[in-house]
Structure formats: C-alpha cells, structure tokens
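**Q** Contents of work-v8.txt (compact mmCIF, C-alpha atoms and all ligand atoms) are below:
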# COMPACT_ATOMS: atom_id res chain seq x y z
CA MET A 1 2.94 -17.12 -24.50
CA LEU A 2 3.17 -15.53 -21.08
CA GLU A 3 5.51 -18.19 -19.71
CA GLN A 4 8.00 -17.67 -22.54
CA LYS A 5 7.86 -13.94 -22.07
CA LEU A 6 8.41 -14.15 -18.29
CA LYS A 7 11.30 -16.54 -18.77
CA TYR A 8 12.86 -14.19 -21.30
CA ILE A 9 12.53 -11.20 -18.96
CA PHE A 10 13.71 -13.20 -15.95
CA ASN A 11 16.88 -14.16 -17.82
CA LYS A 12 17.71 -10.49 -18.41
CA PHE A 13 18.49 -10.16 -14.70
CA ASN A 14 21.66 -11.04 -12.89
CA HIS A 15 21.03 -14.07 -10.65
CA ASN A 16 21.87 -17.75 -10.61
CA GLY A 17 18.29 -18.93 -10.91
CA GLU A 18 17.09 -21.31 -13.59
CA PHE A 19 13.47 -20.66 -14.57
CA ASP A 20 11.14 -23.52 -13.81
CA SER A 21 7.58 -22.18 -13.64
CA PHE A 22 5.58 -19.11 -12.61
CA GLN A 23 2.50 -18.19 -10.64
CA GLU A 24 0.63 -14.88 -10.81
CA LEU A 25 0.37 -13.03 -7.48
CA ALA A 26 -2.88 -11.29 -8.19
CA SER A 27 -3.72 -9.32 -5.06
CA GLY A 28 -2.48 -5.90 -6.30
CA HIS A 29 -4.75 -3.51 -8.21
CA ILE A 30 -2.11 -1.78 -10.35
CA ASN A 31 1.01 -3.77 -11.32
CA ASP A 32 1.42 -7.32 -12.66
CA THR A 33 3.33 -9.49 -10.22
CA TYR A 34 4.62 -13.03 -10.69
CA LEU A 35 6.34 -15.53 -8.46
CA ILE A 36 9.14 -17.11 -10.48
CA LYS A 37 9.92 -20.61 -9.31
CA THR A 38 13.43 -21.74 -10.09
CA LYS A 39 14.86 -25.25 -10.21
CA GLU A 40 16.61 -24.50 -6.93
CA LYS A 41 15.69 -21.87 -4.34
CA PRO A 42 15.73 -18.91 -3.94
CA PHE A 43 12.59 -18.06 -5.90
CA PHE A 44 12.02 -14.54 -7.24
CA VAL A 45 9.25 -11.99 -7.59
CA LEU A 46 9.12 -10.41 -11.03
CA GLN A 47 7.04 -7.31 -11.42
CA ARG A 48 5.82 -5.24 -14.35
CA ILE A 49 5.34 -1.72 -13.11
CA ASN A 50 2.28 -0.01 -14.57
CA HIS A 51 3.77 3.02 -16.30
CA GLY A 52 0.33 4.43 -17.04
CA VAL A 53 -0.09 4.95 -13.29
CA PHE A 54 3.56 5.53 -12.37
CA LYS A 55 4.91 8.15 -14.77
CA ASN A 56 8.51 7.94 -13.58
CA VAL A 57 9.31 4.25 -13.21
CA PRO A 58 13.11 4.67 -13.03
CA GLY A 59 12.54 7.15 -10.17
CA LEU A 60 10.21 4.70 -8.44
CA ILE A 61 12.75 1.89 -8.66
CA GLU A 62 15.54 4.16 -7.45
CA ASN A 63 13.37 5.04 -4.44
CA LYS A 64 12.73 1.49 -3.43
CA VAL A 65 16.28 0.32 -3.97
CA ALA A 66 17.60 3.25 -1.92
CA ILE A 67 15.18 2.54 0.93
CA SER A 68 16.07 -1.15 0.94
CA ARG A 69 19.78 -0.30 1.07
CA HIS A 70 19.18 2.09 3.94
CA ILE A 71 17.35 -0.58 5.93
CA GLN A 72 19.95 -3.23 5.04
CA GLU A 73 22.61 -0.97 6.48
CA LYS A 74 20.59 -0.65 9.69
CA LEU A 75 20.21 -4.42 9.92
CA LYS A 76 23.81 -5.24 9.14
CA ASN A 77 24.42 -6.72 12.57
CA LEU A 78 22.00 -9.52 11.81
CA SER A 79 23.13 -12.68 10.05
CA GLU A 80 22.77 -12.43 6.26
CA LYS A 81 19.97 -14.97 6.36
CA LYS A 82 17.97 -12.97 8.91
CA GLN A 83 18.62 -9.68 7.18
CA LYS A 84 17.33 -11.03 3.87
CA ARG A 85 14.06 -12.02 5.55
CA GLN A 86 13.47 -8.56 7.00
CA VAL A 87 14.07 -6.32 4.00
CA LEU A 88 13.55 -6.66 0.26
CA THR A 89 16.62 -7.42 -1.87
CA PHE A 90 16.47 -6.36 -5.51
CA ALA A 91 18.58 -7.77 -8.35
CA ASN A 92 20.04 -5.76 -11.23
CA THR A 93 19.92 -6.64 -14.90
CA LEU A 94 22.92 -8.27 -16.57
CA SER A 95 23.91 -4.81 -17.76
CA GLY A 96 23.82 -3.44 -14.21
CA LYS A 97 20.53 -1.53 -14.30
CA SER A 98 17.89 -1.80 -11.61
CA TYR A 99 15.09 -2.37 -14.17
CA TYR A 100 14.65 -3.89 -17.59
CA GLN A 101 12.62 -2.21 -20.30
CA ASP A 102 11.19 -4.61 -22.88
CA GLU A 103 10.53 -4.04 -26.59
CA GLU A 104 6.98 -2.81 -25.85
CA GLY A 105 8.23 -0.22 -23.40
CA ASN A 106 7.18 -2.08 -20.25
CA TYR A 107 9.33 -1.76 -17.15
CA TRP A 108 10.27 -4.83 -15.12
CA ASN A 109 12.05 -5.28 -11.82
CA ILE A 110 12.90 -8.27 -9.75
CA MET A 111 13.44 -9.10 -6.11
CA TYR A 112 14.27 -12.20 -4.10
CA PHE A 113 11.23 -14.03 -2.78
CA ILE A 114 11.19 -14.34 1.00
CA ASP A 115 10.57 -18.01 1.61
CA ASP A 116 8.39 -19.56 4.31
CA SER A 117 6.27 -16.46 4.59
CA VAL A 118 2.55 -15.74 4.44
CA THR A 119 0.36 -12.72 3.73
CA PHE A 120 -3.21 -12.00 4.78
CA GLU A 121 -6.10 -10.24 3.06
CA ILE A 122 -8.22 -10.25 6.23
CA VAL A 123 -7.03 -10.39 9.83
CA LYS A 124 -8.49 -13.09 12.02
CA GLU A 125 -6.12 -12.94 14.99
CA LYS A 126 -5.27 -10.09 17.30
CA GLU A 127 -1.62 -11.06 17.24
CA ILE A 128 -1.48 -10.28 13.51
CA ALA A 129 -2.89 -6.82 14.14
CA TYR A 130 -0.28 -6.20 16.83
CA GLU A 131 2.55 -7.53 14.69
CA GLY A 132 1.38 -5.50 11.69
CA GLY A 133 1.57 -2.35 13.81
CA ARG A 134 4.93 -3.30 15.24
CA LEU A 135 6.42 -3.93 11.81
CA LEU A 136 5.14 -0.69 10.31
CA GLY A 137 6.39 1.25 13.31
CA LYS A 138 9.75 -0.40 12.79
CA PHE A 139 9.76 0.47 9.08
CA LEU A 140 9.07 4.13 9.88
CA THR A 141 11.70 4.14 12.60
CA LEU A 142 14.36 2.58 10.37
CA THR A 143 13.68 5.09 7.61
CA SER A 144 13.25 8.13 9.87
CA ASP A 145 16.80 9.36 9.24
CA PHE A 146 16.55 9.01 5.46
CA ASP A 147 16.25 12.42 3.80
CA ALA A 148 12.73 12.25 2.32
CA SER A 149 13.48 15.13 -0.07
CA LYS A 150 15.83 12.78 -1.95
CA LEU A 151 12.90 10.57 -2.96
CA THR A 152 10.97 10.97 -6.19
CA GLU A 153 7.29 11.74 -5.64
CA VAL A 154 6.16 8.74 -7.64
CA ILE A 155 2.54 9.88 -7.73
CA PRO A 156 2.38 13.58 -6.90
CA LYS A 157 -0.32 14.43 -4.35
CA PHE A 158 -1.02 10.73 -3.80
CA HIS A 159 -2.75 11.19 -0.42
CA ASP A 160 -3.62 14.87 -0.90
CA MET A 161 -7.29 15.25 0.00
CA SER A 162 -7.94 18.41 -2.05
CA PHE A 163 -6.47 16.72 -5.11
CA ARG A 164 -8.64 13.64 -4.59
CA TYR A 165 -11.71 15.87 -4.14
CA SER A 166 -10.94 17.72 -7.35
CA GLN A 167 -10.60 14.42 -9.25
CA PHE A 168 -13.94 13.37 -7.78
CA GLU A 169 -15.57 16.66 -8.79
CA ASP A 170 -14.24 16.25 -12.35
CA ALA A 171 -15.63 12.72 -12.45
CA LEU A 172 -19.06 14.02 -11.41
CA LYS A 173 -19.09 16.20 -14.54
CA THR A 174 -18.44 13.34 -16.94
CA ALA A 175 -20.00 10.31 -15.24
CA SER A 176 -22.89 8.44 -16.84
CA LYS A 177 -26.39 9.20 -15.56
CA GLU A 178 -26.70 5.60 -14.51
CA ARG A 179 -23.61 5.56 -12.31
CA LEU A 180 -24.41 8.99 -10.86
CA ASN A 181 -27.80 7.72 -9.90
CA ASN A 182 -26.49 4.46 -8.42
CA ALA A 183 -24.00 6.37 -6.29
CA LYS A 184 -26.16 9.26 -5.11
CA GLU A 185 -26.04 8.24 -1.46
CA GLN A 186 -22.24 7.98 -1.50
CA ILE A 187 -21.86 11.24 -3.42
CA LYS A 188 -23.80 12.95 -0.65
CA LEU A 189 -21.52 11.39 1.99
CA VAL A 190 -18.46 12.77 0.19
CA ALA A 191 -19.92 16.26 0.47
CA ASP A 192 -20.81 15.79 4.15
CA PHE A 193 -17.29 14.67 5.09
CA LYS A 194 -15.46 17.41 3.20
CA GLU A 195 -14.41 19.65 6.05
CA GLU A 196 -13.36 16.98 8.51
CA MET A 197 -11.43 15.08 5.88
CA HIS A 198 -9.19 18.10 5.22
CA ILE A 199 -8.04 18.60 8.82
CA ILE A 200 -4.96 16.36 8.58
CA GLN A 201 -3.93 17.91 5.29
CA HIS A 202 -4.17 21.42 6.75
CA LEU A 203 -1.94 20.35 9.65
CA LYS A 204 0.57 19.03 7.13
CA GLU A 205 0.45 22.19 5.03
CA SER A 206 0.87 24.45 8.06
CA GLY A 207 3.97 22.49 9.09
CA ALA A 208 2.38 21.33 12.36
CA ILE A 209 2.87 17.76 11.14
CA LYS A 210 6.22 17.10 9.54
CA THR A 211 6.96 15.24 6.35
CA ARG A 212 9.07 12.07 6.55
CA VAL A 213 9.65 8.89 4.54
CA THR A 214 6.42 6.90 4.38
CA HIS A 215 5.36 3.71 2.63
CA ASN A 216 1.94 4.99 1.53
CA ASP A 217 0.32 1.62 0.83
CA THR A 218 0.34 -0.16 4.16
CA LYS A 219 -2.54 -2.54 3.65
CA ILE A 220 -2.18 -5.82 5.50
CA SER A 221 -1.41 -7.79 2.33
CA ASN A 222 1.77 -5.71 2.02
CA ILE A 223 3.19 -7.17 5.23
CA LEU A 224 4.92 -10.55 5.25
CA PHE A 225 4.61 -12.80 8.28
CA ASN A 226 6.46 -15.95 9.18
CA LYS A 227 4.53 -19.12 9.82
CA LYS A 228 4.39 -18.34 13.55
CA ASN A 229 2.50 -15.09 12.93
CA LYS A 230 5.49 -12.83 13.57
CA GLY A 231 5.87 -9.83 11.27
CA LEU A 232 8.84 -10.22 8.94
CA CYS A 233 9.06 -7.62 6.23
CA VAL A 234 7.15 -4.72 4.69
CA ILE A 235 6.79 -5.29 0.94
CA ASP A 236 5.44 -3.37 -2.10
CA THR A 237 7.60 -0.32 -1.59
CA ASP A 238 6.58 1.21 -4.95
CA THR A 239 4.89 4.17 -3.32
CA VAL A 240 7.63 5.01 -0.82
CA MET A 241 7.93 8.81 -0.90
CA PRO A 242 7.58 11.81 1.39
CA GLY A 243 4.43 11.70 3.51
CA ILE A 244 3.20 11.93 7.09
CA VAL A 245 2.92 9.26 9.76
CA HIS A 246 -0.89 9.34 9.57
CA TYR A 247 -0.87 7.93 6.04
CA ASP A 248 0.84 4.71 7.07
CA PHE A 249 -0.86 4.42 10.44
CA GLY A 250 -4.29 4.90 8.87
CA ASP A 251 -4.03 2.94 5.65
CA ALA A 252 -3.06 -0.20 7.56
CA ILE A 253 -6.04 0.15 9.87
CA ARG A 254 -8.32 0.28 6.87
CA THR A 255 -7.57 -3.37 6.17
CA ILE A 256 -6.41 -4.72 9.53
CA CYS A 257 -9.55 -3.62 11.37
CA ASN A 258 -12.04 -4.47 8.64
CA THR A 259 -13.76 -7.73 9.58
CA ALA A 260 -14.21 -8.44 5.87
CA ALA A 261 -12.21 -8.02 2.66
CA GLU A 262 -12.00 -4.59 1.00
CA ASP A 263 -14.48 -5.69 -1.68
CA GLU A 264 -16.88 -7.76 0.44
CA THR A 265 -20.38 -7.06 -0.85
CA ASN A 266 -22.26 -8.28 2.21
CA LEU A 267 -22.01 -5.06 4.17
CA ASP A 268 -23.41 -6.67 7.30
CA SER A 269 -20.10 -8.48 7.66
CA VAL A 270 -18.10 -5.24 7.33
CA GLU A 271 -17.40 -3.97 10.83
CA PHE A 272 -14.60 -2.03 12.47
CA ASN A 273 -12.81 -4.31 14.94
CA ILE A 274 -11.84 -2.18 17.93
CA ASP A 275 -9.79 -4.95 19.58
CA TYR A 276 -7.61 -5.14 16.50
CA TYR A 277 -7.35 -1.35 16.47
CA ASN A 278 -6.04 -1.35 20.03
CA ALA A 279 -3.63 -4.21 19.36
CA TYR A 280 -2.37 -2.61 16.14
CA THR A 281 -1.92 0.77 17.84
CA GLU A 282 -0.03 -0.82 20.72
CA GLY A 283 2.35 -2.56 18.29
CA PHE A 284 2.78 0.58 16.20
CA LEU A 285 3.49 2.85 19.16
CA LYS A 286 5.89 0.43 20.78
CA LYS A 287 8.54 1.60 18.34
CA MET A 288 7.18 4.99 17.43
CA LYS A 289 5.74 6.70 20.48
CA SER A 290 8.91 8.39 21.66
CA SER A 291 9.55 9.92 18.24
CA LEU A 292 6.04 11.30 17.65
CA THR A 293 5.07 14.83 18.59
CA PRO A 294 1.95 15.43 20.76
CA ILE A 295 0.07 16.68 17.67
CA GLU A 296 1.03 13.64 15.63
CA LEU A 297 -0.17 11.38 18.43
CA GLU A 298 -3.37 13.28 19.00
CA TYR A 299 -4.40 13.05 15.36
CA LEU A 300 -3.68 9.35 14.78
CA PRO A 301 -7.36 8.31 15.14
CA LEU A 302 -8.49 10.99 12.70
CA GLY A 303 -5.66 9.83 10.42
CA ALA A 304 -7.23 6.38 10.39
CA LYS A 305 -10.67 7.74 9.50
CA THR A 306 -9.15 9.97 6.82
CA MET A 307 -7.31 7.12 5.15
CA ILE A 308 -10.38 4.89 5.06
CA PHE A 309 -12.25 7.81 3.55
CA ILE A 310 -9.65 8.65 0.90
CA MET A 311 -9.84 5.08 -0.41
CA ALA A 312 -13.63 5.24 -0.49
CA LEU A 313 -13.33 8.48 -2.44
CA ARG A 314 -10.80 7.06 -4.91
CA PHE A 315 -12.81 3.88 -5.54
CA LEU A 316 -15.96 5.95 -6.02
CA THR A 317 -14.18 8.34 -8.39
CA ASP A 318 -12.89 5.45 -10.47
CA TYR A 319 -16.41 4.00 -10.60
CA LEU A 320 -17.74 7.33 -11.88
CA ASN A 321 -14.90 7.38 -14.42
CA ASP A 322 -15.98 3.96 -15.74
CA ASP A 323 -13.07 2.12 -14.11
CA ILE A 324 -9.98 3.58 -15.71
CA TYR A 325 -7.52 3.24 -12.80
CA TYR A 326 -7.90 0.12 -10.63
CA LYS A 327 -8.04 -3.40 -12.00
CA THR A 328 -11.62 -4.65 -11.66
CA LYS A 329 -13.10 -8.12 -11.93
CA TYR A 330 -16.69 -7.10 -12.77
CA PRO A 331 -18.51 -3.85 -13.66
CA GLU A 332 -19.57 -2.78 -10.16
CA HIS A 333 -16.33 -3.81 -8.46
CA ASN A 334 -15.13 -0.28 -7.70
CA PHE A 335 -18.57 0.71 -6.44
CA ASP A 336 -18.62 -2.32 -4.14
CA ARG A 337 -15.20 -1.37 -2.82
CA ALA A 338 -16.38 2.20 -2.19
CA LYS A 339 -19.56 1.08 -0.38
CA ASN A 340 -17.48 -1.27 1.73
CA GLN A 341 -15.15 1.55 2.82
CA PHE A 342 -18.08 3.84 3.63
CA LYS A 343 -19.59 1.11 5.79
CA LEU A 344 -16.25 0.76 7.55
CA ILE A 345 -16.22 4.51 8.32
CA GLU A 346 -19.73 4.27 9.72
CA SER A 347 -18.71 1.44 12.03
CA PHE A 348 -15.44 3.21 12.94
CA SER A 349 -17.38 6.34 13.93
CA LYS A 350 -19.60 4.37 16.29
CA LYS A 351 -16.62 2.84 18.06
CA ILE A 352 -13.98 5.57 18.11
CA LYS A 353 -14.82 8.97 19.52
CA PHE A 354 -12.50 11.93 19.42
C1 LIG C 1 -3.60 0.08 -4.93
O1 LIG C 1 -2.00 -2.05 -6.39
P1 LIG C 1 -2.05 -2.09 -4.91
O2 LIG C 1 -3.05 -3.09 -4.47
O3 LIG C 1 -0.70 -2.27 -4.29
C2 LIG C 1 -3.32 1.57 -4.70
C3 LIG C 1 -3.39 1.90 -3.22
C4 LIG C 1 -4.73 1.48 -2.66
C5 LIG C 1 -4.96 0.02 -2.94
C6 LIG C 1 -6.33 -0.39 -2.50
C7 LIG C 1 -0.54 3.13 -6.70
O4 LIG C 1 -2.54 -0.66 -4.37
O5 LIG C 1 -3.25 3.29 -3.04
O6 LIG C 1 -4.75 1.66 -1.28
O7 LIG C 1 -4.83 -0.28 -4.34
N1 LIG C 1 -2.03 1.92 -5.26
C8 LIG C 1 -1.89 2.91 -6.15
O8 LIG C 1 -6.37 -1.73 -2.18
O9 LIG C 1 -2.82 3.63 -6.49
MG MG C 2 0.84 -0.95 -3.82
Could you take the file, read its structure, and then write that structure out as structure tokens?
Ligand code: GN1
Ligand code: MG
**A**
Amino acid sequence: MLEQKLKYIFNKFNHNGEFDSFQELASGHINDTYLIKTKEKPFFVLQRINHGVFKNVPGLIENKVAISRHIQEKLKNLSEKKQKRQVLTFANTLSGKSYYQDEEGNYWNIMYFIDDSVTFEIVKEKEIAYEGGRLLGKFLTLTSDFDASKLTEVIPKFHDMSFRYSQFEDALKTASKERLNNAKEQIKLVADFKEEMHIIQHLKESGAIKTRVTHNDTKISNILFNKKNKGLCVIDTDTVMPGIVHYDFGDAIRTICNTAAEDETNLDSVEFNIDYYNAYTEGFLKKMKSSLTPIELEYLPLGAKTMIFIMALRFLTDYLNDDIYYKTKYPEHNFDRAKNQFKLIESFSKKIKF
C-alpha cells in the first residue's frame, strides 16, 4: 500500500516527525511528490525523483542542496523562522546521505514543508505577477556568485533549441500517421519559427550572453506565496544548473501571462496578458537590472517568446512520440498543451513588438 511505503521511506530520514497521513501534490509532470503530514508540525515534502528522466539523481540532489546552502548563507541575518520560509531546507537520511534509494532502485529526497503558503497554476492578480518576478530576480541575484561550473548538468542541453529541434525531427520519422496528420498545422509552425527561435542560443554560444546559475523551471506553480500574496520561496530546484537569464525570465512568463492553464483546451480563453508581463518584468528587473548587460536586457522579450516556443515544441514532440516523457491524463493531453502554447505565442506576438 502506498501509505505504508511512504511511511517506511519517510522514517529513513533524520527528523523528529511522526507520520500521520499523506497527500499527493500532483501538479508536476515528472516526479512523484507527496506532502507528509506529521502528528505535530513541521510537515514534510517527500519526493521520488524520476530517474528515467534524470540520469544522475545524486548529482541533482547535490546541486539543489548546494544552492539551498548558498542561499541560506546569504539569508543568515534573518531570524531562523524567516530564513526557513525563504529557502528550501532538505533533511538527510539517518545514515547521513542526502537521498534514500529503495529496494526497487527509486531515489527519494525530503524537505521541510513551508507552512501557511500557497501556489498558483494561473495568475489572477497583477500583484502575483509582480511578486513572481521579484522573487525570481532575487533567486538569480542570490545565486549569481555561485560558480555554475560546479553544478551537474542534470539534463544536458535542457533548453538547447537545436537539441530540441533534433528530437522533434526524430519524432517526425517515427510518429504514427494519425498523430502526424492531427498535428500538421503545428508541425508547419515549428518549421516557420526555426530561425528566430535559434537567436538566443546563438548569442549564448558566441559568448555574448554569459552562463550563470539558473533555475530552469520557473513556472508560477514553482513559486510559493504567503497568504498576503507576497512571494516567499522558489521551489522545485531539481533543474538548477548552468543556463542564461532568458531561460528563467521567459519560462515564468509562459505561465504568469497565460490567462488560462497550460493545458486549457478552450483556446479562446488563452491570451497573453500584457499587464501581467509589465508587472512581472518590473518585479524581475527591480533586483536584476543593474547586473544585466545591455544585450541581456535587449533580448529579454525574445527570451520570453523562445521559452514559450520551446515548451510547445517539447509537448508536440512528446505527442508525436506517443507520450513517453510527460505524465498525461488522457491521450491528447500533450497535443492540447502544445496547441495552448502555440496560441499563447500568437497572442504574445500581437502584443509585444521588437
Ligand atoms: C516539467 O515536472 P515539472 O512540472 O516540474 C518539465 C519542465 C516543463 C514543465 C511544463 C524536467 O516540469 O521543463 O516546463 O514540465 N521538467 C522537466 O509544465 O522536463
Ligand atoms: Mg520541475
């Protein structure tokens, strides 16, 4: 039984919590995440890392623990209570390791749950967009002096456009006739966007845009807020690795400025919200502007478009591959996600000119 299993794993870690019950936190598409409720607070978040997707789980966990420690050090002037609400705290196993590997080879890690917090799948208030930007800018600022070359590349070429195009082109060769036919309009769009969607990558490769520590999965549901809508903590640091500022700036916009959820099927309700874009950008630049180069600043809007596009491309590729990567709830789920992201790009392009 799942409850017995979770209790067993939970008790392998070093904490004072007594297992009471659990609840699945099902918003992620890759890992399995559970809230562990204990008889007395604090509660915990127990996570099974998908080692089919993440080939080097120990490296991944080392990354996120190191980044948390770095931020903790920066926040050491705060009270312990405040600090623990602004950065993730991980617990080791009873034998002192940062992860537990079960009999089936699954990897587990655990962190303290940050109480009295909320997350959003869709943004309905401008203040949330602003706070989301502010918090991500703060995360990038706090990690800007961490040597990114010390981090494991948990998924090599994660946001590399040429790599994502080559996966897409491979998928075209093996996809079913039915799915190829369903997606012909989107396949054409992928071809049309090819040149523009490589601009940011070329700037990175030429060294015009520098590599730094980035989060790489900055969707709005990965930001915790307090009950007064103030940004608290950036979570889901599994994909922390070397990247460029445009990845984090753009990936957040993909969800913050979408008037609907990422998999909304009524495309009429999918629009790009320019007010949220401006509020988010203001919050983001409040912390970041002085440390960005003119080129980095100039290309932020294209970074946003590029990140929306790369997700459309990845969802479409997984659809053509018969859904082997993302968790899906029904057969056309990945295709719906892809169409949603393409609609968002269309709306973005009408509202943002560069
Ligand atoms: C995946 O599992 P989750 O929801 O944290 C994906 C991200 C995508 C996101 C789309 C390792 O993140 O890159 O942006 O889905 N993570 C991985 O919602 O592929
Ligand atoms: Mg993630």
**Q** Which residues are near ligand LIG 1 (chain C) - at most 6 Å, using only C-alpha atoms and all ligand atoms? Format: as a PDB file with C-alpha atoms, in the frame of the given file.
**A**
ATOM      1  CA  GLY A  28      -2.480  -5.900  -6.300  1.00  0.00           C
ATOM      2  CA  HIS A  29      -4.750  -3.510  -8.210  1.00  0.00           C
ATOM      3  CA  ILE A  30      -2.110  -1.780 -10.350  1.00  0.00           C
ATOM      4  CA  ASP A 217       0.320   1.620   0.830  1.00  0.00           C
TER       5      ASP A 217
END
**Q** Around the point (-15.9, 9.1, -2.0), in the coordinates given by the file, pick out the residues reaching within 7 Å, counting all atoms listed in the file, and return them as number ranges by chain.
**A** A: 186-187, 190, 309-310, 312-314, 316-317, 338
**Q** Report, in Å with one decimal, the straight-line distance from CA of Glu18 (chain A) to CA of Leu78 (chain A).
**A**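 About the pair CA of Glu18 (chain A) and CA of Leu78 (chain A): they are 28.4 Å apart.
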**Q** Go through A:Leu300, A:Ala175, A:Ala261, A:Ile352 one by one, measure the shortest atom-to-atom distance of each to Arg337 (chain A) using all atoms listed in the file, and give the residue with the smallest value.
**A**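 Distance minimum relative to Arg337 (chain A) lands on A:Ala261.
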**Q** Edge lengths and centre in Å to one decimal, as lines of an AutoDock Vina configuration file, is what I'm after for the box along x, y and z that holds all listed atoms of region 171-182 of chain A once 4 Å is added on each side.
**A**
center_x = -21.7
center_y = 10.3
center_z = -12.7
size_x = 20.2
size_y = 19.7
size_z = 16.5
